[in-house]
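Trainee: You'll find model_26.cif just under this line, and it carries mmCIF, C-alpha atoms.
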```cif
data_protein
loop_
_atom_site.label_atom_id
_atom_site.label_comp_id
_atom_site.auth_asym_id
_atom_site.auth_seq_id
_atom_site.Cartn_x
_atom_site.Cartn_y
_atom_site.Cartn_z
CA MET A 1 1.60 68.04 -32.68
CA GLU A 2 0.45 64.67 -34.01
CA LYS A 3 1.77 65.14 -37.53
CA ASP A 4 5.19 66.12 -36.20
CA ARG A 5 5.23 62.99 -34.03
CA ALA A 6 4.49 60.93 -37.12
CA ALA A 7 7.35 62.66 -38.96
CA ASP A 8 9.63 61.84 -36.06
CA GLY A 9 8.60 58.19 -36.23
CA LEU A 10 9.11 58.18 -39.99
CA ARG A 11 12.64 59.45 -39.52
CA GLY A 12 13.32 56.66 -37.03
CA MET A 13 12.04 54.03 -39.45
CA ALA A 14 14.25 55.47 -42.20
CA ALA A 15 17.28 55.29 -39.91
CA MET A 16 16.58 51.62 -39.25
CA ALA A 17 16.31 50.99 -43.00
CA VAL A 18 19.80 52.45 -43.40
CA PHE A 19 21.08 50.14 -40.66
CA PHE A 20 19.66 47.03 -42.33
CA GLY A 21 20.89 48.16 -45.73
CA HIS A 22 24.48 48.39 -44.50
CA PHE A 23 24.21 45.19 -42.47
CA PHE A 24 23.03 43.10 -45.41
CA LEU A 25 25.59 44.72 -47.72
CA THR A 26 28.21 43.44 -45.29
CA PHE A 27 27.00 39.86 -44.81
CA TYR A 28 24.67 39.10 -47.77
CA PRO A 29 26.11 41.34 -50.51
CA ALA A 30 24.73 39.31 -53.43
CA GLY A 31 21.24 40.15 -52.22
CA SER A 32 21.89 43.77 -53.20
CA SER A 33 23.51 43.17 -56.57
CA HIS A 34 20.26 43.78 -58.48
CA PHE A 35 20.36 47.47 -57.54
CA PHE A 36 24.04 47.91 -56.62
CA SER A 37 26.27 46.09 -59.10
CA GLY A 38 29.39 46.71 -57.03
CA ALA A 39 28.02 45.15 -53.84
CA ALA A 40 29.44 41.64 -54.24
CA ALA A 41 32.78 40.33 -55.43
CA PRO A 42 33.01 37.24 -57.66
CA GLY A 43 32.18 34.07 -55.76
CA ALA A 44 29.64 35.61 -53.40
CA THR A 45 27.03 33.14 -52.15
CA VAL A 46 23.54 33.34 -53.64
CA GLY A 47 21.35 31.46 -51.19
CA ILE A 48 17.83 31.72 -49.86
CA ALA A 49 18.60 34.89 -47.92
CA GLU A 50 19.97 36.63 -51.02
CA LYS A 51 16.94 35.58 -53.07
CA ILE A 52 14.60 37.00 -50.44
CA LEU A 53 16.53 40.27 -50.30
CA ALA A 54 16.28 40.53 -54.10
CA LEU A 55 12.47 40.31 -54.11
CA PRO A 56 10.56 43.29 -55.58
CA PHE A 57 10.03 46.25 -53.23
CA ILE A 58 12.49 45.04 -50.58
CA SER A 59 15.22 47.09 -52.25
CA ALA A 60 13.24 50.21 -51.32
CA PHE A 61 14.38 49.63 -47.76
CA LEU A 62 17.89 48.36 -48.46
CA SER A 63 19.27 50.49 -51.28
CA GLY A 64 19.91 53.50 -49.06
CA ARG A 65 18.67 56.03 -51.60
CA PHE A 66 15.09 55.98 -50.40
CA PRO A 67 15.64 56.41 -46.63
CA VAL A 68 18.25 59.09 -47.30
CA ALA A 69 15.78 60.89 -49.57
CA ILE A 70 13.20 60.71 -46.76
CA PHE A 71 15.73 62.31 -44.40
CA PHE A 72 16.24 65.27 -46.71
CA VAL A 73 12.53 65.68 -47.50
CA LEU A 74 11.80 65.71 -43.77
CA SER A 75 14.50 68.30 -43.21
CA GLY A 76 12.94 70.59 -45.80
CA TYR A 77 9.58 70.16 -44.08
CA VAL A 78 10.57 70.61 -40.45
CA LEU A 79 13.25 73.27 -40.82
CA THR A 80 10.81 75.59 -42.60
CA LYS A 81 7.70 74.72 -40.61
CA GLY A 82 8.08 77.41 -37.95
CA PHE A 83 8.78 80.17 -40.45
CA VAL A 84 5.83 79.20 -42.64
CA LYS A 85 3.57 79.32 -39.59
CA ASP A 86 4.78 82.63 -38.09
CA GLY A 87 6.65 84.40 -40.90
CA ASP A 88 9.33 85.44 -38.40
CA LEU A 89 12.77 85.82 -39.97
CA ASN A 90 14.35 85.46 -36.53
CA ILE A 91 13.40 81.79 -36.66
CA LEU A 92 15.47 81.29 -39.80
CA ARG A 93 18.36 83.33 -38.39
CA SER A 94 18.41 81.22 -35.25
CA LEU A 95 18.28 77.92 -37.11
CA PHE A 96 20.93 79.15 -39.56
CA ALA A 97 23.29 80.18 -36.75
CA ARG A 98 23.00 76.94 -34.83
CA ARG A 99 23.00 74.50 -37.77
CA TYR A 100 26.73 73.84 -37.93
CA PHE A 101 26.92 73.09 -34.19
CA ARG A 102 23.76 70.98 -34.33
CA LEU A 103 25.22 68.74 -37.01
CA GLY A 104 28.91 69.09 -36.23
CA ILE A 105 29.08 68.23 -32.53
CA PRO A 106 27.50 64.76 -32.95
CA VAL A 107 29.68 64.22 -36.04
CA PHE A 108 32.74 65.03 -33.91
CA GLY A 109 31.64 62.39 -31.40
CA SER A 110 31.06 59.84 -34.15
CA VAL A 111 34.50 60.40 -35.67
CA VAL A 112 36.12 59.95 -32.26
CA PHE A 113 34.10 56.77 -31.69
CA ALA A 114 35.11 55.29 -35.06
CA TYR A 115 38.75 56.30 -34.70
CA VAL A 116 39.06 54.77 -31.23
CA LEU A 117 37.67 51.48 -32.56
CA PHE A 118 40.16 51.67 -35.42
CA LEU A 119 43.10 52.27 -33.08
CA ALA A 120 41.94 49.32 -30.96
CA GLY A 121 42.15 47.04 -34.00
CA ALA A 122 38.43 46.31 -33.83
CA TYR A 123 37.78 46.37 -37.60
CA PRO A 124 38.39 42.82 -38.93
CA VAL A 125 36.66 43.70 -42.19
CA GLU A 126 39.22 42.04 -44.45
CA THR A 127 38.53 38.64 -42.87
CA THR A 128 34.77 39.17 -43.09
CA ALA A 129 34.94 40.31 -46.71
CA SER A 130 37.04 37.29 -47.65
CA ILE A 131 34.18 35.10 -46.40
CA THR A 132 31.12 37.05 -47.52
CA LYS A 133 32.74 38.45 -50.70
CA SER A 134 31.39 41.89 -49.87
CA ALA A 135 33.11 44.30 -52.23
CA TRP A 136 31.18 47.12 -50.56
CA LEU A 137 32.67 46.31 -47.15
CA ILE A 138 36.21 46.60 -48.43
CA THR A 139 35.60 49.93 -50.17
CA GLN A 140 33.78 51.48 -47.20
CA SER A 141 36.09 50.52 -44.34
CA ILE A 142 38.85 52.77 -42.98
CA HIS A 143 41.93 52.62 -45.19
CA GLY A 144 45.59 53.39 -44.56
CA ASN A 145 46.81 54.70 -41.24
CA PRO A 146 44.90 57.88 -40.47
CA THR A 147 46.49 60.03 -37.79
CA VAL A 148 44.94 61.94 -34.92
CA LEU A 149 45.24 65.07 -37.04
CA ASP A 150 43.29 63.36 -39.84
CA ALA A 151 40.54 62.48 -37.38
CA LEU A 152 40.43 65.99 -35.92
CA ARG A 153 40.32 67.56 -39.37
CA ASP A 154 37.36 65.45 -40.37
CA ALA A 155 35.66 65.87 -37.00
CA ILE A 156 35.92 69.67 -36.99
CA TYR A 157 35.15 70.52 -40.61
CA GLY A 158 35.96 67.77 -43.10
CA VAL A 159 32.72 65.83 -42.74
CA VAL A 160 30.22 68.70 -42.59
CA LEU A 161 31.90 71.12 -45.00
CA VAL A 162 33.72 68.80 -47.40
CA GLY A 163 31.77 65.57 -47.16
CA SER A 164 34.73 63.41 -46.16
CA ALA A 165 33.65 59.84 -45.37
CA GLN A 166 37.05 58.44 -44.38
CA PHE A 167 35.92 57.25 -40.96
CA ASN A 168 32.25 56.41 -41.57
CA THR A 169 30.51 55.67 -44.85
CA VAL A 170 27.35 57.59 -43.87
CA PHE A 171 29.25 60.87 -43.61
CA TRP A 172 28.85 61.57 -47.33
CA THR A 173 25.33 62.82 -46.57
CA MET A 174 26.37 65.39 -43.98
CA ARG A 175 27.62 68.01 -46.42
CA ILE A 176 24.35 67.71 -48.33
CA GLU A 177 22.39 68.06 -45.08
CA PHE A 178 24.34 71.15 -44.03
CA LEU A 179 24.41 72.93 -47.40
CA GLY A 180 20.83 71.89 -48.17
CA SER A 181 19.73 73.42 -44.87
CA ILE A 182 21.54 76.67 -45.62
CA MET A 183 20.02 76.82 -49.09
CA ILE A 184 16.46 76.23 -47.89
CA PHE A 185 16.91 78.83 -45.14
CA SER A 186 18.11 81.33 -47.75
CA TYR A 187 15.28 80.44 -50.07
CA MET A 188 12.70 80.95 -47.35
CA ALA A 189 14.27 84.23 -46.22
CA LEU A 190 13.57 85.72 -49.65
CA ALA A 191 9.88 85.02 -48.96
CA TRP A 192 8.91 84.71 -52.60
CA THR A 193 5.20 84.07 -53.01
CA ASP A 194 2.57 83.81 -55.72
CA ARG A 195 4.03 83.94 -59.24
CA ARG A 196 7.48 84.81 -57.94
CA ALA A 197 7.60 81.44 -56.15
CA LEU A 198 7.78 79.59 -59.48
CA PHE A 199 10.65 81.85 -60.55
CA ALA A 200 12.40 81.19 -57.23
CA VAL A 201 12.01 77.42 -57.63
CA GLY A 202 13.59 77.70 -61.08
CA ILE A 203 16.59 79.57 -59.70
CA TYR A 204 16.98 77.06 -56.85
CA LEU A 205 16.89 74.06 -59.22
CA ALA A 206 19.29 75.72 -61.67
CA LEU A 207 21.83 76.44 -58.95
CA ILE A 208 21.83 72.92 -57.50
CA PHE A 209 21.97 71.39 -60.99
CA VAL A 210 25.05 73.45 -61.90
CA PHE A 211 26.93 73.15 -58.61
CA ALA A 212 25.89 69.61 -57.59
CA PRO A 213 25.37 67.66 -60.85
CA VAL A 214 25.54 64.28 -59.06
CA HIS A 215 23.57 65.00 -55.90
CA TRP A 216 21.20 67.73 -57.06
CA PRO A 217 18.06 65.55 -56.49
CA TYR A 218 18.93 65.35 -52.79
CA TYR A 219 19.20 69.14 -52.58
CA ALA A 220 15.88 69.33 -54.41
CA ALA A 221 14.42 67.10 -51.68
CA PHE A 222 14.60 70.03 -49.24
CA LEU A 223 12.40 72.03 -51.59
CA VAL A 224 10.02 69.09 -51.99
CA GLY A 225 9.70 68.85 -48.22
CA ARG A 226 9.10 72.56 -47.90
CA TYR A 227 6.13 72.57 -50.29
CA ILE A 228 4.59 69.19 -49.56
CA GLY A 229 5.13 69.41 -45.83
CA ASN A 230 3.56 72.82 -45.42
CA ALA A 231 0.62 72.35 -47.77
CA ARG A 232 -2.86 71.64 -46.52
CA VAL A 233 -3.24 67.94 -47.19
CA THR A 234 -6.55 66.14 -47.23
CA MET A 235 -7.16 62.85 -48.99
CA PRO A 236 -9.13 59.67 -48.32
CA PRO A 237 -7.28 56.71 -46.81
CA TRP A 238 -7.25 54.76 -50.09
CA ALA A 239 -5.45 57.66 -51.79
CA SER A 240 -2.86 58.11 -49.04
CA TYR A 241 -2.02 54.40 -48.96
CA GLY A 242 -2.00 54.41 -52.75
CA CYS A 243 0.68 57.12 -52.57
CA ILE A 244 2.73 54.93 -50.25
CA ALA A 245 2.37 51.89 -52.53
CA PHE A 246 3.47 53.91 -55.56
CA ALA A 247 6.34 55.38 -53.55
CA MET A 248 7.53 51.86 -52.64
CA TYR A 249 7.40 50.93 -56.30
CA LEU A 250 9.47 53.92 -57.41
CA ALA A 251 11.97 53.50 -54.58
CA SER A 252 12.49 49.85 -55.57
CA MET A 253 13.80 50.78 -59.00
CA ASP A 254 16.43 48.32 -60.19
CA ALA A 255 17.40 46.50 -63.39
CA SER A 256 14.38 44.16 -63.45
CA PRO A 257 11.84 44.23 -66.34
CA MET A 258 9.14 45.86 -64.19
CA PHE A 259 11.11 49.11 -64.40
CA ALA A 260 12.17 48.80 -68.04
CA TYR A 261 9.98 51.67 -69.23
CA LEU A 262 11.68 54.07 -66.82
CA TYR A 263 15.01 53.43 -68.50
CA LEU A 264 13.59 54.92 -71.68
CA ILE A 265 14.03 58.29 -69.96
CA PRO A 266 17.37 59.71 -71.21
CA ILE A 267 18.92 60.05 -67.74
CA GLU A 268 21.83 58.09 -66.32
CA PRO A 269 20.37 55.13 -64.33
CA ASP A 270 21.86 55.97 -60.93
CA LEU A 271 20.71 59.57 -61.20
CA LEU A 272 17.28 58.45 -62.35
CA GLY A 273 17.05 56.13 -59.34
CA THR A 274 17.89 59.02 -57.03
CA ILE A 275 15.24 61.22 -58.66
CA CYS A 276 12.65 58.46 -58.23
CA SER A 277 13.64 58.03 -54.58
CA VAL A 278 13.23 61.75 -53.85
CA PHE A 279 9.85 61.76 -55.57
CA ALA A 280 8.91 58.68 -53.53
CA GLY A 281 10.04 60.38 -50.33
CA GLY A 282 7.77 63.31 -51.12
CA LEU A 283 4.83 60.97 -51.70
CA VAL A 284 5.41 59.27 -48.34
CA LEU A 285 5.49 62.61 -46.52
CA LEU A 286 2.32 63.64 -48.34
CA ALA A 287 0.58 60.44 -47.24
CA VAL A 288 1.82 60.68 -43.65
CA ARG A 289 0.57 64.26 -43.38
CA ALA A 290 -2.80 63.00 -44.61
CA GLY A 291 -2.91 60.53 -41.72
CA ALA A 292 -1.50 57.33 -43.25
CA LEU A 293 0.48 55.03 -40.94
CA ARG A 294 -0.29 57.32 -37.98
CA TYR A 295 -0.60 54.54 -35.41
CA LEU A 296 2.56 52.82 -36.60
CA LEU A 297 4.65 55.99 -36.70
CA THR A 298 3.48 57.33 -33.34
CA CYS A 299 3.75 54.12 -31.35
CA THR A 300 6.35 54.05 -28.57
CA PRO A 301 9.03 52.03 -30.45
CA ALA A 302 8.77 54.29 -33.52
CA LEU A 303 9.08 57.45 -31.43
CA TYR A 304 12.06 55.95 -29.60
CA LEU A 305 13.71 55.30 -32.94
CA GLY A 306 12.89 58.86 -33.98
CA ARG A 307 14.51 60.25 -30.85
CA ILE A 308 17.76 58.33 -31.38
CA SER A 309 17.67 58.43 -35.20
CA TYR A 310 20.60 60.82 -35.67
CA PRO A 311 22.89 59.03 -33.17
CA LEU A 312 21.79 55.67 -34.62
CA TYR A 313 22.65 56.91 -38.11
CA LEU A 314 26.09 58.08 -36.98
CA VAL A 315 27.22 55.06 -34.95
CA HIS A 316 25.74 51.99 -36.62
CA VAL A 317 28.38 51.49 -39.33
CA PRO A 318 31.38 51.40 -36.92
CA ILE A 319 29.45 48.93 -34.75
CA VAL A 320 28.57 46.62 -37.66
CA MET A 321 32.15 46.77 -38.96
CA SER A 322 33.63 46.04 -35.56
CA LEU A 323 31.37 44.04 -33.23
CA GLY A 324 29.24 42.58 -36.04
CA CYS A 325 32.26 41.40 -38.01
CA ILE A 326 34.08 40.07 -34.92
CA ILE A 327 31.09 37.92 -33.92
CA PHE A 328 30.51 36.69 -37.46
CA ASN A 329 34.17 35.74 -37.92
CA SER A 330 34.29 33.88 -34.60
CA LEU A 331 31.16 31.81 -35.28
CA TYR A 332 31.33 31.19 -39.02
CA GLU A 333 33.50 28.08 -38.98
CA SER A 334 31.88 26.40 -35.98
CA HIS A 335 28.19 27.35 -36.43
CA GLY A 336 27.80 28.11 -40.13
CA ARG A 337 26.85 31.23 -42.04
CA SER A 338 23.21 31.62 -40.97
CA ALA A 339 23.89 31.32 -37.25
CA ALA A 340 26.89 33.63 -37.51
CA VAL A 341 24.90 36.31 -39.35
CA ALA A 342 21.95 36.01 -36.95
CA SER A 343 24.24 36.39 -33.95
CA ALA A 344 25.99 39.35 -35.55
CA LEU A 345 22.61 40.97 -36.24
CA VAL A 346 21.34 40.60 -32.68
CA ALA A 347 24.60 41.88 -31.18
CA SER A 348 24.89 44.77 -33.66
CA LEU A 349 21.30 45.87 -33.07
CA ALA A 350 21.63 45.71 -29.28
CA ALA A 351 24.94 47.59 -29.31
CA THR A 352 23.64 50.18 -31.76
CA PHE A 353 20.57 50.91 -29.61
CA LEU A 354 22.71 51.10 -26.47
CA VAL A 355 25.41 53.34 -27.94
CA ALA A 356 22.87 55.52 -29.78
CA SER A 357 20.86 56.00 -26.57
CA VAL A 358 23.95 57.02 -24.62
CA PHE A 359 25.06 59.19 -27.54
CA GLU A 360 21.64 60.85 -27.68
CA ARG A 361 21.76 61.79 -24.02
CA PHE A 362 25.37 62.87 -23.66
CA VAL A 363 26.23 64.20 -27.14
CA ASP A 364 23.11 64.84 -29.21
CA GLN A 365 21.01 66.65 -26.62
CA PRO A 366 23.96 68.78 -25.39
CA ALA A 367 24.58 69.76 -29.02
CA ILE A 368 20.98 70.97 -29.29
CA ARG A 369 21.25 72.90 -26.03
CA PHE A 370 24.57 74.41 -27.05
CA GLY A 371 23.12 75.63 -30.34
CA LYS A 372 20.16 77.21 -28.55
CA TRP A 373 22.49 78.82 -26.03
CA MET A 374 24.61 80.22 -28.85
CA THR A 375 21.60 81.83 -30.50
CA GLN A 376 19.66 82.57 -27.30
CA ARG A 377 16.38 81.77 -29.01
CA LYS A 378 13.98 78.92 -28.31
CA VAL A 379 12.70 77.59 -31.60
CA PRO A 380 10.93 74.21 -31.85
CA THR A 381 12.86 71.89 -34.17
CA MET A 382 12.36 68.26 -35.18
CA GLY A 383 13.78 67.61 -38.65
CA LEU A 384 16.56 65.31 -39.82
CA HIS A 385 19.30 65.56 -37.20
CA GLU A 386 16.94 67.68 -35.05
CA ALA A 387 15.17 66.74 -31.84
#
```
Translate this structure into structure tokens?

Mentor:
Amino acid sequence: MEKDRAADGLRGMAAMAVFFGHFFLTFYPAGSSHFFSGAAAPGATVGIAEKILALPFISAFLSGRFPVAIFFVLSGYVLTKGFVKDGDLNILRSLFARRYFRLGIPVFGSVVFAYVLFLAGAYPVETTASITKSAWLITQSIHGNPTVLDALRDAIYGVVLVGSAQFNTVFWTMRIEFLGSIMIFSYMALAWTDRRALFAVGIYLALIFVFAPVHWPYYAAFLVGRYIGNARVTMPPWASYGCIAFAMYLASMDASPMFAYLYLIPIEPDLLGTICSVFAGGLVLLAVRAGALRYLLTCTPALYLGRISYPLYLVHVPIVMSLGCIIFNSLYESHGRSAAVASALVASLAATFLVASVFERFVDQPAIRFGKWMTQRKVPTMGLHEA
């Protein structure tokens, strides 16, 4: 269906935004300091590149909160789509049963990939951080001397069930994705409708607020996706693109004066930024379902990105921290910062696409087939980490 293809393309675009966010945090950390105060260490360069990255609205694509919120909103939409259409509880049972394998098998492959690079000594992040002054890079790289048992523990259950991010900084989202999926499946299975739906929403929000006080907006994103994604959406083009423009504004929230009025809301700034990003993600889905950006999101490159989005999400950080840093370090002294960063970007992008494509064919797709074999039920899926 056309709208599902657009959602797939949107997921691919969000995955690329995460890639660029982590890349620029590594090599141009001062460009992210306006929304992430811990990005750069003292002495970080503030040049033309950093000033461009700090322009209004660009932070929507680099902060990480917005694309991650889009992932979770899309999951709420796609994972409940089949049940909303047919009302068949077997759909939810099948998706519930396969979810751990669907998420966990690619995670296992990603942990192995990152650990092998670590054992090979391919993470020269200390040298890179000493040049770029990226405080983020130091805090997010692999620390200590993790053993094979540490890697296996994370690969089998630590990432998905506990949220361990020892081997890859993006892994913190996997526990939210898994538990959020289980919660939205359970919510849908109760099949509350009419006035009871409002009561059910209240219970859902209360539970996530109590048990996930830091990340509750991301769990709420699944509910946002469920209701916005499955509603009948009709709006004129000016309204749908207006939603996207407002979403970009909200997702760009930082410490600049243009957002000063939002800080009057008595909510901790980081949490408020997450809430705004989730709301913005819902607005984007609403606009896309109304037909906005259809040609962009269903073009061949966008659909390719959508197909490899989960593998791309899982492998890009180890590639940037290994190949990207190696190339930057080798060229910095002889060719200067700009040429070194440009070369690292081209190499990191090419390697990420190559590895993600291989990963999609030999790890991601087998994981999907294995989950379907385990449940013996063919159910169309295409949400975050679905294909």

Trainee: Any chance you could resolve the PyMOL selection byres ((chain A and resi 172-183) around 8) against this file and give the residues as a list in words?

Mentor: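 Checking the PyMOL selection byres ((chain A and resi 172-183) around 8) against this file, the residues are Phe72, Ser75, Gly76, Leu79, Phe96, Arg99, Tyr100, Leu103, Val159, Val160, Leu161, Val162, Gly163, Ser164, Ala165, Thr169, Val170, Phe171, Ile184, Phe185, Ser186, Tyr187, Tyr218, Tyr219 and Phe222 of chain A.
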
Trainee: Have a look at atom CA of A:Ile70 and atom CA of A:Val278 and let me know their distance in Å, one decimal.

Mentor: 7.2 Å

Trainee: Please report the interatomic distance between atom CA of A:Val320 and atom CA of A:Val284 in Å with one decimal.

Mentor: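 Atom CA of A:Val320 sits 28.5 Å away from atom CA of A:Val284.
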
Trainee: Given all atoms listed in the file, how would the per-residue table for stretch 90-138 of chain A near stretch 328-344 of chain A read, listing every residue at most 9 Å away with its closest atom pair and distance in Å to one decimal, sorted by chain and number, as CSV?

Mentor:
```
residue,atom,partner,partner_atom,distance
A:Pro124,CA,A:Asn329,CA,8.3
A:Thr127,CA,A:Asn329,CA,7.2
A:Thr128,CA,A:Asn329,CA,6.2
A:Ile131,CA,A:Asn329,CA,8.5
```

Trainee: Using only C-alpha atoms, which protein or nucleic acid residues come within 6 Å of stretch 287-296 of chain A? Drop anything in the same chain fewer than 2 positions from it, and give the result as a ChimeraX atom specification.

Mentor: /A:233-234,240,284-285,298-299

Trainee: Nearest to A:Phe118 among A:Gln365, A:Thr375, A:Ser33, A:Asn145, with distances taken over all atoms listed in the file: which residue is it?

Mentor: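 Counting all atoms listed in the file, the residue closest to A:Phe118 is A:Asn145.
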
Trainee: Report the residues retrieved by the PyMOL selection byres ((chain A and resi 101) around 12) from the displayed file, expressed as a ChimeraX atom specification.

Mentor: /A:94-100,102-108,155-157,160,178,363-375,385-386

Trainee: Could you expand the PyMOL selection byres ((chain A and resi 49-61) around 6) into the explicit residues it covers here, written as a count of residues only?

Mentor: 10

Trainee: With distances taken over all atoms listed in the file, which of A:Leu286, A:Val84, A:Ala14, A:Leu345 is nearest to A:Arg65?

Mentor: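 That would be A:Ala14, the residue with the smallest distance to A:Arg65.
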
Trainee: So that I can see what lies close to A:Ile228, please list as number ranges by chain the residues with an atom at most 8 Å from it, counting only C-alpha atoms and leaving out residues fewer than 3 positions away in the same chain.

Mentor: A: 77, 224-225, 231, 282, 285-286

Trainee: In Å, how far is it from atom CA of A:Ile91 to atom CA of A:His215?

Mentor: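 Interatomic distance, atom CA of A:Ile91 to atom CA of A:His215: 27.5 Å.
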
Trainee: I'd like the contact shell of A:Ala129 - 10 Å cut-off, only C-alpha atoms, skipping same-chain residues fewer than 4 positions apart - returned as a list in words.

Mentor: Thr26, Phe27, Pro29, Ala40, Ala41, Ala44, Pro124, Val125, Lys133, Ser134, Ala135, Trp136, Leu137, Ile138, Cys325 and Asn329 of chain A

Trainee: I need the chosen residues saved as an mmCIF file, in the frame of the given file, with C-alpha atoms.

Mentor:
```
data_model
loop_
_atom_site.group_PDB
_atom_site.id
_atom_site.type_symbol
_atom_site.label_atom_id
_atom_site.label_comp_id
_atom_site.auth_asym_id
_atom_site.auth_seq_id
_atom_site.Cartn_x
_atom_site.Cartn_y
_atom_site.Cartn_z
ATOM 1 C CA THR A 26 28.210 43.440 -45.290
ATOM 2 C CA PHE A 27 27.000 39.860 -44.810
ATOM 3 C CA PRO A 29 26.110 41.340 -50.510
ATOM 4 C CA ALA A 40 29.440 41.640 -54.240
ATOM 5 C CA ALA A 41 32.780 40.330 -55.430
ATOM 6 C CA ALA A 44 29.640 35.610 -53.400
ATOM 7 C CA PRO A 124 38.390 42.820 -38.930
ATOM 8 C CA VAL A 125 36.660 43.700 -42.190
ATOM 9 C CA LYS A 133 32.740 38.450 -50.700
ATOM 10 C CA SER A 134 31.390 41.890 -49.870
ATOM 11 C CA ALA A 135 33.110 44.300 -52.230
ATOM 12 C CA TRP A 136 31.180 47.120 -50.560
ATOM 13 C CA LEU A 137 32.670 46.310 -47.150
ATOM 14 C CA ILE A 138 36.210 46.600 -48.430
ATOM 15 C CA CYS A 325 32.260 41.400 -38.010
ATOM 16 C CA ASN A 329 34.170 35.740 -37.920
#
```

Trainee: Which polymer residues have any atom within 9 Å of an atom of stretch 351-355 of chain A, counting all atoms listed in the file, with same-chain residues fewer than 3 positions away left out, as a compact mmCIF listing (two decimals) with C-alpha atoms, in the frame of the given file?

Mentor:
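Final output, out.txt:
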```txt
# COMPACT_ATOMS: atom_id res chain seq x y z
CA LEU A 305 13.71 55.30 -32.94
CA ILE A 308 17.76 58.33 -31.38
CA PRO A 311 22.89 59.03 -33.17
CA LEU A 312 21.79 55.67 -34.62
CA VAL A 315 27.22 55.06 -34.95
CA HIS A 316 25.74 51.99 -36.62
CA ILE A 319 29.45 48.93 -34.75
CA VAL A 320 28.57 46.62 -37.66
CA LEU A 323 31.37 44.04 -33.23
CA VAL A 346 21.34 40.60 -32.68
CA ALA A 347 24.60 41.88 -31.18
CA SER A 348 24.89 44.77 -33.66
CA VAL A 358 23.95 57.02 -24.62
CA PHE A 359 25.06 59.19 -27.54
CA GLU A 360 21.64 60.85 -27.68
```

Trainee: Box for stretch 283-293 of chain A: with edges along x, y and z, all listed atoms inside and 3 Å added on each side, what are the centre and edge lengths in Å to one decimal, as JSON?

Mentor:
```
{"center_x": 1.3, "center_y": 59.6, "center_z": -46.3, "size_x": 14.4, "size_y": 15.2, "size_z": 16.8}
```
